[in-house]
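Q: Sharing protein-v7.tsv below, TSV, C-alpha atoms and all ligand atoms:
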chain	number	residue	atom	x	y	z
A	1225	MET	CA	-2.10	1.12	-66.55
A	1226	LEU	CA	1.48	1.32	-67.77
A	1227	LEU	CA	4.06	-1.13	-66.47
A	1228	LYS	CA	6.65	0.66	-64.33
A	1229	VAL	CA	10.19	-0.31	-65.30
A	1230	ALA	CA	13.62	0.62	-63.97
A	1231	ILE	CA	16.93	0.41	-65.84
A	1232	LEU	CA	19.91	-0.28	-63.61
A	1233	GLY	CA	23.19	0.51	-65.30
A	1234	GLY	CA	21.35	2.91	-67.59
A	1235	SER	CA	24.42	4.96	-68.55
A	1236	GLY	CA	26.06	2.18	-70.56
A	1237	TYR	CA	25.52	1.00	-74.12
A	1238	THR	CA	22.85	-1.63	-73.40
A	1239	GLY	CA	21.15	0.71	-70.91
A	1240	GLY	CA	21.05	3.52	-73.48
A	1241	GLU	CA	19.49	1.21	-76.06
A	1242	LEU	CA	16.90	0.07	-73.53
A	1243	ILE	CA	15.92	3.64	-72.73
A	1244	ARG	CA	15.57	4.38	-76.46
A	1245	LEU	CA	13.44	1.27	-77.07
A	1246	LEU	CA	11.26	1.70	-73.99
A	1247	LEU	CA	10.52	5.37	-74.72
A	1248	ASN	CA	8.80	4.05	-77.86
A	1249	HIS	CA	6.95	1.22	-76.09
A	1250	SER	CA	3.23	1.78	-75.67
A	1251	GLN	CA	2.83	-0.31	-72.50
A	1252	VAL	CA	5.62	0.88	-70.19
A	1253	LYS	CA	6.83	3.89	-68.26
A	1254	ILE	CA	10.46	4.29	-67.23
A	1255	THR	CA	10.49	5.26	-63.55
A	1256	ALA	CA	14.19	5.00	-62.64
A	1257	ILE	CA	17.56	4.93	-64.41
A	1258	THR	CA	20.80	4.38	-62.52
A	1259	SER	CA	24.44	5.29	-62.89
A	1260	GLU	CA	26.98	5.46	-60.09
A	1261	ARG	CA	29.37	7.89	-61.76
A	1262	SER	CA	26.63	10.15	-63.16
A	1263	ALA	CA	24.10	9.98	-60.33
A	1264	GLY	CA	22.20	13.28	-60.09
A	1265	LYS	CA	23.00	14.27	-63.69
A	1266	PRO	CA	20.37	14.43	-66.44
A	1267	VAL	CA	20.22	11.34	-68.64
A	1268	TYR	CA	20.35	13.45	-71.83
A	1269	LEU	CA	23.91	14.54	-70.98
A	1270	LEU	CA	25.10	11.00	-71.70
A	1271	PHE	CA	22.51	10.31	-74.39
A	1272	PRO	CA	21.95	13.53	-76.36
A	1273	ASN	CA	20.00	11.45	-78.89
A	1274	LEU	CA	17.19	10.99	-76.33
A	1275	ARG	CA	14.67	13.61	-75.31
A	1276	ILE	CA	14.22	12.64	-71.69
A	1277	SER	CA	14.10	14.75	-68.54
A	1278	ASP	CA	14.96	11.99	-66.00
A	1279	ARG	CA	18.11	12.09	-63.91
A	1280	PHE	CA	20.38	9.19	-63.07
A	1281	GLU	CA	20.23	7.86	-59.53
A	1282	HIS	CA	22.31	5.39	-57.51
A	1283	VAL	CA	21.52	1.68	-57.26
A	1284	ASP	CA	19.72	1.76	-53.92
A	1285	VAL	CA	17.56	-1.34	-54.02
A	1286	LYS	CA	15.40	-0.39	-51.00
A	1287	LYS	CA	14.46	2.88	-52.69
A	1288	LEU	CA	14.13	1.42	-56.17
A	1289	VAL	CA	11.69	-1.37	-55.25
A	1290	GLU	CA	9.11	1.31	-54.46
A	1291	LYS	CA	9.44	2.76	-57.93
A	1292	ALA	CA	9.06	-0.14	-60.39
A	1293	ASP	CA	7.69	-3.62	-60.96
A	1294	LEU	CA	10.15	-4.83	-63.59
A	1295	PHE	CA	13.89	-4.23	-63.43
A	1296	PHE	CA	16.30	-4.38	-66.36
A	1297	LEU	CA	19.81	-4.94	-65.07
A	1298	CYS	CA	22.54	-3.66	-67.39
A	1299	LEU	CA	25.25	-4.06	-64.76
A	1300	PRO	CA	28.56	-5.89	-64.94
A	1301	HIS	CA	28.55	-9.55	-63.94
A	1302	LYS	CA	29.31	-10.11	-60.24
A	1303	THR	CA	27.52	-6.81	-59.46
A	1304	SER	CA	24.27	-8.26	-60.78
A	1305	GLN	CA	24.30	-11.35	-58.58
A	1306	ASP	CA	23.26	-9.64	-55.38
A	1307	VAL	CA	21.00	-7.03	-56.97
A	1308	VAL	CA	18.97	-9.80	-58.64
A	1309	TYR	CA	18.71	-11.59	-55.29
A	1310	GLN	CA	17.52	-8.43	-53.47
A	1311	LEU	CA	14.93	-7.65	-56.13
A	1312	TYR	CA	13.68	-11.25	-56.25
A	1313	LYS	CA	13.33	-11.24	-52.46
A	1314	ALA	CA	11.29	-8.04	-52.73
A	1315	GLY	CA	8.87	-9.82	-55.09
A	1316	LYS	CA	10.00	-8.03	-58.26
A	1317	LYS	CA	10.63	-9.37	-61.75
A	1318	VAL	CA	14.09	-9.03	-63.26
A	1319	ILE	CA	15.64	-9.21	-66.71
A	1320	ASP	CA	19.36	-9.48	-66.13
A	1321	LEU	CA	21.54	-8.65	-69.12
A	1322	SER	CA	24.70	-9.78	-67.36
A	1323	ALA	CA	26.02	-13.34	-67.39
A	1324	ASP	CA	25.33	-13.94	-63.70
A	1325	TYR	CA	22.26	-16.16	-64.04
A	1326	ARG	CA	22.89	-17.74	-67.45
A	1327	ILE	CA	25.09	-20.67	-66.44
A	1328	LYS	CA	23.06	-23.31	-64.63
A	1329	ASP	CA	25.98	-25.14	-63.01
A	1330	PRO	CA	27.57	-22.91	-60.33
A	1331	SER	CA	30.89	-24.74	-60.62
A	1332	VAL	CA	31.05	-23.93	-64.35
A	1333	TYR	CA	30.21	-20.29	-63.54
A	1334	GLU	CA	33.03	-20.21	-60.98
A	1335	GLU	CA	35.50	-21.84	-63.38
A	1336	TRP	CA	34.92	-19.29	-66.16
A	1337	TYR	CA	34.03	-16.15	-64.18
A	1338	LYS	CA	36.64	-16.71	-61.45
A	1339	THR	CA	34.22	-16.00	-58.66
A	1340	PRO	CA	31.79	-18.19	-56.75
A	1341	HIS	CA	28.07	-17.83	-57.36
A	1342	LEU	CA	26.58	-16.56	-54.13
A	1343	TYR	CA	23.00	-17.64	-54.89
A	1344	PRO	CA	23.15	-21.06	-56.59
A	1345	ALA	CA	19.56	-21.85	-55.56
A	1346	LEU	CA	18.37	-18.83	-57.52
A	1347	LEU	CA	20.05	-20.13	-60.69
A	1348	LYS	CA	17.30	-22.74	-60.85
A	1349	LYS	CA	14.64	-20.04	-60.90
A	1350	ALA	CA	16.25	-18.14	-63.76
A	1351	VAL	CA	15.07	-18.83	-67.30
A	1352	TYR	CA	17.51	-18.44	-70.18
A	1353	GLY	CA	15.86	-15.67	-72.17
A	1354	LEU	CA	16.13	-16.94	-75.73
A	1355	PRO	CA	12.49	-16.78	-76.88
A	1356	GLU	CA	13.02	-19.06	-79.87
A	1357	LEU	CA	13.87	-21.91	-77.45
A	1358	TYR	CA	12.20	-21.00	-74.16
A	1359	ARG	CA	9.11	-18.89	-74.91
A	1360	LYS	CA	6.77	-20.87	-72.64
A	1361	LYS	CA	9.13	-20.75	-69.66
A	1362	ILE	CA	9.85	-17.06	-70.20
A	1363	LYS	CA	6.15	-16.30	-69.89
A	1364	ASN	CA	6.05	-17.41	-66.26
A	1365	ALA	CA	9.55	-16.48	-65.18
A	1366	ARG	CA	10.45	-13.96	-62.50
A	1367	ILE	CA	14.15	-13.93	-63.38
A	1368	ILE	CA	15.27	-13.83	-67.00
A	1369	ALA	CA	18.92	-14.47	-67.75
A	1370	ASN	CA	19.14	-12.51	-70.97
A	1371	PRO	CA	21.55	-14.35	-73.31
A	1372	GLY	CA	24.98	-13.10	-74.28
A	1373	CYS	CA	25.49	-11.51	-77.69
A	1374	TYR	CA	27.82	-14.12	-79.20
A	1375	PRO	CA	25.74	-17.03	-77.81
A	1376	THR	CA	22.57	-15.55	-79.33
A	1377	SER	CA	24.13	-15.54	-82.80
A	1378	ALA	CA	25.73	-18.98	-82.36
A	1379	ILE	CA	22.81	-20.82	-80.74
A	1380	LEU	CA	20.20	-19.48	-83.16
A	1381	GLY	CA	22.53	-20.46	-86.02
A	1382	ILE	CA	23.04	-24.07	-84.93
A	1383	ALA	CA	19.77	-24.90	-83.13
A	1384	PRO	CA	17.77	-26.21	-86.13
A	1385	ALA	CA	20.50	-28.71	-87.05
A	1386	MET	CA	21.41	-29.71	-83.52
A	1387	LYS	CA	18.99	-32.57	-82.91
A	1388	ASN	CA	19.92	-34.25	-86.13
A	1389	PRO	CA	21.73	-37.59	-85.79
A	1390	ALA	CA	23.93	-36.73	-88.77
A	1391	VAL	CA	25.61	-33.86	-86.91
A	1392	ASP	CA	29.03	-34.63	-85.49
A	1393	ILE	CA	28.61	-32.75	-82.23
A	1394	ASP	CA	32.35	-32.79	-81.51
A	1395	SER	CA	33.11	-30.83	-84.66
A	1396	ILE	CA	31.40	-27.49	-84.04
A	1397	ILE	CA	33.49	-24.39	-84.68
A	1398	VAL	CA	32.05	-20.93	-84.03
A	1399	ASP	CA	34.05	-18.09	-85.55
A	1400	SER	CA	32.55	-14.72	-84.56
A	1401	LYS	CA	33.30	-11.08	-85.23
A	1402	SER	CA	32.01	-8.25	-83.09
A	1403	GLY	CA	31.93	-4.48	-83.20
A	1404	VAL	CA	33.56	-2.53	-80.37
A	1405	SER	CA	30.37	-1.69	-78.43
A	1406	GLY	CA	30.34	-5.36	-77.35
A	1407	ALA	CA	32.91	-4.41	-74.74
A	1408	GLY	CA	30.74	-1.75	-73.09
A	1409	ARG	CA	31.18	2.00	-72.65
A	1410	ASN	CA	34.16	1.92	-70.31
A	1411	PRO	CA	37.40	3.29	-71.73
A	1412	ASP	CA	39.84	0.42	-72.19
A	1413	LEU	CA	43.00	0.55	-74.34
A	1414	PRO	CA	42.28	-2.24	-76.88
A	1415	PHE	CA	38.89	-0.69	-77.65
A	1416	MET	CA	40.10	2.86	-78.29
A	1417	PHE	CA	39.68	4.17	-81.86
A	1418	SER	CA	43.36	4.24	-82.79
A	1419	GLU	CA	43.89	0.72	-81.43
A	1420	ALA	CA	40.85	-0.95	-82.99
A	1421	ASN	CA	40.45	1.01	-86.23
A	1422	GLU	CA	41.85	-0.51	-89.46
A	1423	SER	CA	42.60	-3.74	-87.64
A	1424	VAL	CA	41.00	-7.12	-86.97
A	1425	LYS	CA	42.13	-9.38	-84.20
A	1426	ALA	CA	41.16	-12.56	-82.42
A	1427	TYR	CA	40.99	-12.39	-78.65
A	1428	ALA	CA	40.25	-14.64	-75.66
A	1429	VAL	CA	41.07	-17.66	-77.82
A	1430	THR	CA	39.96	-20.83	-75.91
A	1431	THR	CA	39.04	-18.72	-72.87
A	1432	HIS	CA	36.07	-16.53	-73.83
A	1433	ARG	CA	33.34	-16.65	-71.19
A	1434	HIS	CA	30.60	-17.13	-73.73
A	1435	THR	CA	31.98	-20.60	-74.53
A	1436	PRO	CA	30.26	-22.44	-71.63
A	1437	GLU	CA	27.02	-20.61	-72.39
A	1438	ILE	CA	27.01	-21.81	-76.01
A	1439	GLU	CA	27.98	-25.32	-74.87
A	1440	GLN	CA	25.27	-25.41	-72.18
A	1441	GLU	CA	22.47	-24.55	-74.58
A	1442	LEU	CA	23.66	-26.83	-77.40
A	1443	SER	CA	23.98	-29.66	-74.84
A	1444	PHE	CA	20.41	-29.03	-73.66
A	1445	ILE	CA	19.13	-29.21	-77.25
A	1446	SER	CA	21.06	-32.32	-78.26
A	1447	LYS	CA	20.87	-33.99	-74.81
A	1448	LYS	CA	24.59	-34.75	-75.20
A	1449	ASP	CA	27.70	-33.13	-73.78
A	1450	VAL	CA	28.70	-30.61	-76.45
A	1451	LYS	CA	32.03	-28.80	-76.55
A	1452	VAL	CA	32.75	-26.14	-79.16
A	1453	ASN	CA	35.73	-24.23	-80.52
A	1454	PHE	CA	34.71	-20.60	-80.14
A	1455	THR	CA	36.94	-17.78	-81.33
A	1456	PRO	CA	35.75	-14.15	-81.13
A	1457	HIS	CA	37.29	-11.35	-83.16
A	1458	LEU	CA	37.19	-7.61	-82.67
A	1459	ILE	CA	36.49	-5.62	-85.82
A	1460	PRO	CA	36.47	-1.87	-86.33
A	1461	MET	CA	32.79	-1.04	-86.34
A	1462	ASP	CA	30.42	0.26	-83.67
A	1463	ARG	CA	27.96	-2.59	-83.46
A	1464	GLY	CA	27.04	-5.94	-84.96
A	1465	ILE	CA	28.09	-9.57	-84.74
A	1466	LEU	CA	28.68	-11.95	-87.60
A	1467	SER	CA	29.19	-15.62	-86.73
A	1468	THR	CA	30.33	-18.27	-89.18
A	1469	ILE	CA	29.69	-21.74	-87.83
A	1470	TYR	CA	31.20	-24.95	-89.17
A	1471	VAL	CA	29.55	-28.29	-88.40
A	1472	LYS	CA	30.78	-31.61	-89.80
A	1473	LEU	CA	28.29	-34.30	-90.73
A	1474	LYS	CA	28.88	-37.96	-90.02
A	1475	ASN	CA	29.38	-40.38	-92.85
A	1476	ARG	CA	25.90	-41.33	-94.05
A	1477	LYS	CA	26.99	-44.91	-94.62
A	1478	GLN	CA	27.08	-45.32	-90.83
A	1479	PHE	CA	23.33	-44.76	-90.53
A	1480	THR	CA	20.51	-47.25	-90.67
A	1481	PRO	CA	17.54	-46.04	-92.72
A	1482	ALA	CA	15.59	-45.64	-89.48
A	1483	LEU	CA	18.13	-43.18	-88.17
A	1484	LEU	CA	17.86	-41.02	-91.21
A	1485	SER	CA	14.79	-39.17	-90.12
A	1486	GLU	CA	13.07	-36.64	-92.32
A	1487	ALA	CA	15.28	-33.98	-90.73
A	1488	GLY	CA	18.33	-36.21	-91.29
A	1489	ARG	CA	17.73	-36.36	-94.99
A	1490	ALA	CA	17.21	-32.63	-95.03
A	1491	LEU	CA	20.76	-32.02	-93.94
A	1492	ASP	CA	22.27	-33.20	-97.21
A	1493	GLY	CA	21.65	-30.05	-99.14
A	1494	SER	CA	18.48	-29.65	-101.10
A	1495	GLN	CA	16.11	-29.43	-98.13
A	1496	LEU	CA	18.50	-27.73	-95.74
A	1497	ASN	CA	17.16	-24.23	-96.23
A	1498	GLU	CA	13.61	-25.61	-95.85
A	1499	LEU	CA	14.54	-27.25	-92.53
A	1500	TYR	CA	15.73	-23.88	-91.21
A	1501	GLN	CA	12.74	-22.03	-92.69
A	1502	LYS	CA	10.40	-24.47	-90.98
A	1503	PHE	CA	12.18	-24.26	-87.61
A	1504	TYR	CA	11.86	-20.47	-87.51
A	1505	ALA	CA	8.61	-20.13	-89.47
A	1506	LYS	CA	6.69	-18.50	-86.61
A	1507	GLU	CA	9.55	-16.43	-85.22
A	1508	PRO	CA	9.09	-12.68	-85.65
A	1509	PHE	CA	12.79	-11.89	-85.36
A	1510	VAL	CA	14.64	-14.70	-87.12
A	1511	ARG	CA	14.95	-14.39	-90.87
A	1512	VAL	CA	16.29	-17.38	-92.75
A	1513	LEU	CA	17.60	-15.92	-95.98
A	1514	LYS	CA	16.89	-17.43	-99.36
A	1515	SER	CA	19.58	-19.74	-100.76
A	1516	GLY	CA	22.59	-17.82	-101.97
A	1517	LYS	CA	21.96	-14.71	-99.82
A	1518	TYR	CA	24.47	-13.68	-97.18
A	1519	PRO	CA	23.67	-12.19	-93.76
A	1520	ASN	CA	25.52	-9.00	-92.95
A	1521	THR	CA	25.61	-6.75	-89.94
A	1522	LYS	CA	24.33	-3.67	-91.78
A	1523	ALA	CA	21.10	-5.48	-92.65
A	1524	VAL	CA	20.30	-6.04	-88.96
A	1525	LYS	CA	21.77	-2.83	-87.50
A	1526	GLY	CA	19.30	-1.09	-85.20
A	1527	THR	CA	16.88	-4.04	-85.38
A	1528	ASN	CA	16.05	-7.09	-83.28
A	1529	PHE	CA	16.52	-9.42	-86.24
A	1530	CYS	CA	18.83	-12.38	-86.45
A	1531	ASP	CA	19.56	-13.17	-90.10
A	1532	ILE	CA	20.70	-16.70	-90.89
A	1533	ALA	CA	21.91	-18.45	-94.03
A	1534	VAL	CA	22.85	-22.10	-94.19
A	1535	PHE	CA	25.06	-23.84	-96.73
A	1536	PHE	CA	25.91	-27.49	-97.42
A	1537	ASP	CA	29.52	-28.15	-98.40
A	1538	LYS	CA	29.26	-31.35	-100.38
A	1539	ARG	CA	33.03	-31.81	-100.73
A	1540	LYS	CA	33.52	-31.74	-96.96
A	1541	ASN	CA	30.13	-33.20	-95.99
A	1542	SER	CA	29.59	-30.30	-93.62
A	1543	LEU	CA	27.30	-27.38	-92.89
A	1544	ILE	CA	28.39	-23.78	-92.88
A	1545	ILE	CA	25.98	-21.44	-91.16
A	1546	VAL	CA	26.27	-17.67	-91.12
A	1547	SER	CA	24.29	-15.53	-88.69
A	1548	ALA	CA	24.18	-11.79	-88.09
A	1549	ILE	CA	22.73	-9.76	-85.23
A	1550	ASP	CA	23.04	-6.30	-83.72
A	1551	ASN	CA	24.86	-7.09	-80.46
A	1552	LEU	CA	23.05	-4.28	-78.63
A	1553	LEU	CA	19.59	-5.36	-79.83
A	1554	LYS	CA	18.98	-9.07	-80.50
A	1555	GLY	CA	22.24	-9.60	-78.59
A	1556	ALA	CA	21.10	-7.58	-75.56
A	1557	SER	CA	18.47	-4.84	-75.12
A	1558	GLY	CA	16.13	-5.79	-78.00
A	1559	GLN	CA	16.01	-9.35	-76.77
A	1560	ALA	CA	15.36	-8.04	-73.24
A	1561	VAL	CA	12.34	-6.07	-74.50
A	1562	GLN	CA	11.16	-9.14	-76.44
A	1563	ASN	CA	11.38	-11.11	-73.17
A	1564	MET	CA	9.43	-8.45	-71.31
A	1565	ASN	CA	6.74	-8.52	-73.99
A	1566	ILE	CA	6.40	-12.29	-73.55
A	1567	MET	CA	6.38	-12.10	-69.74
A	1568	TYR	CA	3.63	-9.50	-69.67
A	1569	GLY	CA	1.55	-10.73	-72.60
A	1570	PHE	CA	2.27	-7.66	-74.74
A	1571	GLU	CA	2.51	-8.09	-78.49
A	1572	GLU	CA	5.95	-9.68	-78.92
A	1573	THR	CA	7.12	-7.10	-81.44
A	1574	GLU	CA	5.91	-4.06	-79.47
A	1575	GLY	CA	8.67	-1.46	-79.20
A	1576	LEU	CA	10.81	-3.47	-81.62
A	1577	LYS	CA	9.14	-2.94	-84.96
A	1578	PRO	CA	11.50	-1.82	-87.67
A	1579	PHE	CA	10.52	1.47	-89.25
A	1580	ALA	CA	10.09	-0.03	-92.68
A	1581	PRO	CA	9.10	-3.53	-93.76
A	1582	TYR	CA	11.90	-5.75	-95.05
A	1583	PRO	CA	11.72	-6.24	-98.80
B	1601	LIG	N1	27.63	-4.47	-74.86
B	1601	LIG	C1	27.05	-5.56	-75.34
B	1601	LIG	O1	27.02	-5.79	-76.57
B	1601	LIG	C2	26.37	-6.55	-74.42
B	1601	LIG	C3	25.59	-7.56	-74.98
B	1601	LIG	C4	24.96	-8.50	-74.14
B	1601	LIG	C5	25.14	-8.40	-72.77
B	1601	LIG	N2	25.92	-7.43	-72.25
B	1601	LIG	C6	26.05	-7.37	-70.79
B	1601	LIG	O2	25.20	-6.36	-70.30
B	1601	LIG	C7	25.77	-5.71	-69.17
B	1601	LIG	C8	25.91	-4.20	-69.49
B	1601	LIG	O3	26.75	-4.09	-70.63
B	1601	LIG	P1	27.10	-2.67	-71.27
B	1601	LIG	O4	27.84	-2.98	-72.52
B	1601	LIG	O5	25.91	-1.81	-71.31
B	1601	LIG	O6	28.14	-2.12	-70.17
B	1601	LIG	P2	28.62	-0.61	-69.94
B	1601	LIG	O7	28.41	0.20	-71.16
B	1601	LIG	O8	30.00	-0.70	-69.39
B	1601	LIG	O9	27.63	-0.10	-68.78
B	1601	LIG	C9	27.70	-0.64	-67.48
B	1601	LIG	C10	26.69	0.04	-66.58
B	1601	LIG	O10	26.78	-0.52	-65.26
B	1601	LIG	C11	27.01	0.54	-64.31
B	1601	LIG	N3	27.89	0.02	-63.26
B	1601	LIG	C12	29.18	-0.41	-63.40
B	1601	LIG	N4	29.65	-0.86	-62.22
B	1601	LIG	C13	28.64	-0.71	-61.33
B	1601	LIG	C14	28.52	-0.99	-59.92
B	1601	LIG	N5	29.52	-1.54	-59.22
B	1601	LIG	N6	27.33	-0.70	-59.32
B	1601	LIG	C15	26.31	-0.14	-60.00
B	1601	LIG	N7	26.37	0.16	-61.34
B	1601	LIG	C16	27.52	-0.13	-61.98
B	1601	LIG	C17	27.66	1.65	-65.12
B	1601	LIG	O11	27.38	2.88	-64.46
B	1601	LIG	P3	28.42	4.09	-64.36
B	1601	LIG	O12	27.77	5.21	-65.08
B	1601	LIG	O13	28.54	4.34	-62.91
B	1601	LIG	O14	29.71	3.64	-64.97
B	1601	LIG	C18	26.90	1.53	-66.43
B	1601	LIG	O15	25.65	2.16	-66.33
B	1601	LIG	C19	27.11	-6.41	-68.93
B	1601	LIG	O16	26.96	-7.40	-67.95
B	1601	LIG	C20	27.44	-7.02	-70.28
B	1601	LIG	O17	28.27	-8.17	-70.18
B	1601	LIG	C21	26.53	-6.48	-73.04
For this file, produce the structure as structure tokens.
Ligand SMILES: NC(=O)c1ccc[n+]([C@@H]2O[C@H](COP(=O)([O-])OP(=O)(O)OC[C@H]3O[C@@H](n4cnc5c(N)ncnc54)[C@H](OP(=O)(O)O)[C@@H]3O)[C@@H](O)[C@H]2O)c1

A:
Amino acid sequence: MLLKVAILGGSGYTGGELIRLLLNHSQVKITAITSERSAGKPVYLLFPNLRISDRFEHVDVKKLVEKADLFFLCLPHKTSQDVVYQLYKAGKKVIDLSADYRIKDPSVYEEWYKTPHLYPALLKKAVYGLPELYRKKIKNARIIANPGCYPTSAILGIAPAMKNPAVDIDSIIVDSKSGVSGAGRNPDLPFMFSEANESVKAYAVTTHRHTPEIEQELSFISKKDVKVNFTPHLIPMDRGILSTIYVKLKNRKQFTPALLSEAGRALDGSQLNELYQKFYAKEPFVRVLKSGKYPNTKAVKGTNFCDIAVFFDKRKNSLIIVSAIDNLLKGASGQAVQNMNIMYGFEETEGLKPFAPYP
């Protein structure tokens, strides 16, 4: 029997990608798609690329719980909070693409999102849906907090190095560039063609809401309080994120031989690529590129891949890591489908296979 799934906020960019992916998934049937502004209208009017006869409906949780078992929420943060709670109470499973259940500490959520979290107890039930770090927990979760797009590229880029004693955890700089679809489908002046085209700009410097999410996950990995400099940039393309991450290494003379673990030695260049290859060896969607190759957004466009390359800067005794994802796929809807596959024991790549094998 096919799994019945609903997509709430199905008229936006992440919703549209979910519909496209799930129409090609062998184990699921889409039973409801919502939009407030387009309720009653056929879905194909907003997504002419999809051959689908469904119509949008309103978010009416009482009605929707009868229709599906798993709910993908592609709603804005704040809106998601209560919908997740209602669905959880009704015994349903939820994959929330918004930020509402990603930050474990409600006071941190309130500080960055400028609104209190109404269901702090439920935060404990939510699992951060980054399969490369939390696959086992995802399997048994009822609420998945699907990671943000920038955090996915940053965390996957740094994670293999993070436990290493040689890493100066106070030195991490994440410099990211994103295409315009990262801001959603709502018309907003800075994201209009004539504003964004032929221009590159930094925004939300020191204040971007993905900062605490990156810090939370890097702190969990290293078991230390990590703070990062994170600066996002808007670039004139539809989709894709490229992050360049700078990490200083401590002076090796400070270490006792015991502290220089196998992984520690690996950080000084020759074995660095091997360390990353090993860390992601079993991951279907992380590709550590061969030495000298550079990730780029075109190579991951339309796929659930995260491409990573890692470099050792001998002169500065530091690592430079470059990662690329499609913000709407590994950064959102693709990762959500990957999480669903894990939760329901489907093949992890189902619905996400690229059309042609990578050379
Ligand atoms: N875009 C990305 O790259 C990306 C990546 C990762 C995570 N996310 C997160 O995923 C979520 C969806 O992002 P998106 O880019 O798809 O946004 P979007 O294109 O703006 O779509 C938002 C959707 O939510 C619906 N909606 C808005 N306000 C609502 C309300 N009060 N009640 C019910 N439905 C409402 C909209 O329906 P209408 O048709 O009524 O407007 C639309 O379907 C956001 O939380 C975002 O932060 C986005």

Q: Residues within 8 Å of ligand LIG 1601 (chain B), counting all atoms listed in the file: report them as an MDAnalysis selection string.

A: chainID A and resid 1232:1240 1258:1263 1282:1283 1297:1301 1303:1304 1320:1324 1370:1373 1405:1410 1463 1551:1552 1555:1557

Q: Those selected residues, please, written with C-alpha atoms and delivered as a tab-separated table (two decimals), in the frame of the given file.

A:
chain	number	residue	atom	x	y	z
A	1232	LEU	CA	19.91	-0.28	-63.61
A	1233	GLY	CA	23.19	0.51	-65.30
A	1234	GLY	CA	21.35	2.91	-67.59
A	1235	SER	CA	24.42	4.96	-68.55
A	1236	GLY	CA	26.06	2.18	-70.56
A	1237	TYR	CA	25.52	1.00	-74.12
A	1238	THR	CA	22.85	-1.63	-73.40
A	1239	GLY	CA	21.15	0.71	-70.91
A	1240	GLY	CA	21.05	3.52	-73.48
A	1258	THR	CA	20.80	4.38	-62.52
A	1259	SER	CA	24.44	5.29	-62.89
A	1260	GLU	CA	26.98	5.46	-60.09
A	1261	ARG	CA	29.37	7.89	-61.76
A	1262	SER	CA	26.63	10.15	-63.16
A	1263	ALA	CA	24.10	9.98	-60.33
A	1282	HIS	CA	22.31	5.39	-57.51
A	1283	VAL	CA	21.52	1.68	-57.26
A	1297	LEU	CA	19.81	-4.94	-65.07
A	1298	CYS	CA	22.54	-3.66	-67.39
A	1299	LEU	CA	25.25	-4.06	-64.76
A	1300	PRO	CA	28.56	-5.89	-64.94
A	1301	HIS	CA	28.55	-9.55	-63.94
A	1303	THR	CA	27.52	-6.81	-59.46
A	1304	SER	CA	24.27	-8.26	-60.78
A	1320	ASP	CA	19.36	-9.48	-66.13
A	1321	LEU	CA	21.54	-8.65	-69.12
A	1322	SER	CA	24.70	-9.78	-67.36
A	1323	ALA	CA	26.02	-13.34	-67.39
A	1324	ASP	CA	25.33	-13.94	-63.70
A	1370	ASN	CA	19.14	-12.51	-70.97
A	1371	PRO	CA	21.55	-14.35	-73.31
A	1372	GLY	CA	24.98	-13.10	-74.28
A	1373	CYS	CA	25.49	-11.51	-77.69
A	1405	SER	CA	30.37	-1.69	-78.43
A	1406	GLY	CA	30.34	-5.36	-77.35
A	1407	ALA	CA	32.91	-4.41	-74.74
A	1408	GLY	CA	30.74	-1.75	-73.09
A	1409	ARG	CA	31.18	2.00	-72.65
A	1410	ASN	CA	34.16	1.92	-70.31
A	1463	ARG	CA	27.96	-2.59	-83.46
A	1551	ASN	CA	24.86	-7.09	-80.46
A	1552	LEU	CA	23.05	-4.28	-78.63
A	1555	GLY	CA	22.24	-9.60	-78.59
A	1556	ALA	CA	21.10	-7.58	-75.56
A	1557	SER	CA	18.47	-4.84	-75.12

Q: Considering all atoms listed in the file, return as a VMD selection string whatever protein or nucleic-acid residues lie within 8 Å of Asp1278 (chain A), sequence-local ones (same chain, fewer than 5 positions apart) excluded.

A: chain A and resid 1256 to 1257 1266 to 1267

Q: Would you list the contacts of region 1422-1438 of chain A as JSON, numbers by chain, taking every protein, DNA or RNA residue within 6 Å and counting all atoms listed in the file, but skipping same-chain residues closer than 4 positions in sequence?

A: {"A": [1336, 1375, 1455, 1456, 1457, 1458, 1459]}

Q: Kindly save the residues from that selection, with C-alpha atoms included, as a compact mmCIF listing (two decimals), in the coordinates of the input.

A:
# COMPACT_ATOMS: atom_id res chain seq x y z
CA TRP A 1336 34.92 -19.29 -66.16
CA PRO A 1375 25.74 -17.03 -77.81
CA THR A 1455 36.94 -17.78 -81.33
CA PRO A 1456 35.75 -14.15 -81.13
CA HIS A 1457 37.29 -11.35 -83.16
CA LEU A 1458 37.19 -7.61 -82.67
CA ILE A 1459 36.49 -5.62 -85.82

Q: Within 10 Å of (13.6, -3.8, -58.5) (file coordinates; all atoms listed in the file), which protein or nucleic acid residues are there? I'd like them as a ChimeraX atom specification.

A: /A:1229-1232,1256,1283-1297,1307-1318

Q: Which one is closest to Lys1228 (chain A): A:Ile1327, A:Ala1365, A:Ile1254, A:Ile1243? Count only C-alpha atoms.

A: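 Of A:Ile1327, A:Ala1365, A:Ile1254, A:Ile1243, the one nearest Lys1228 (chain A) is A:Ile1254, counting only C-alpha atoms.
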
Q: With only C-alpha atoms as the basis for distance, which of A:Met1386, A:Val1510, A:Val1404, A:Leu1553 is at the shortest distance from Pro1460 (chain A)?

A: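 Smallest distance to Pro1460 (chain A) is found for A:Val1404.
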
Q: Which residues are close to region 1534-1542 of chain A, i.e. within 12 Å by only C-alpha atoms, leaving aside same-chain residues fewer than 6 positions away? Reply as an NGL selection string.

A: :A and (1380-1385 or 1390-1393 or 1395-1397 or 1467-1476 or 1490-1501 or 1511-1519)
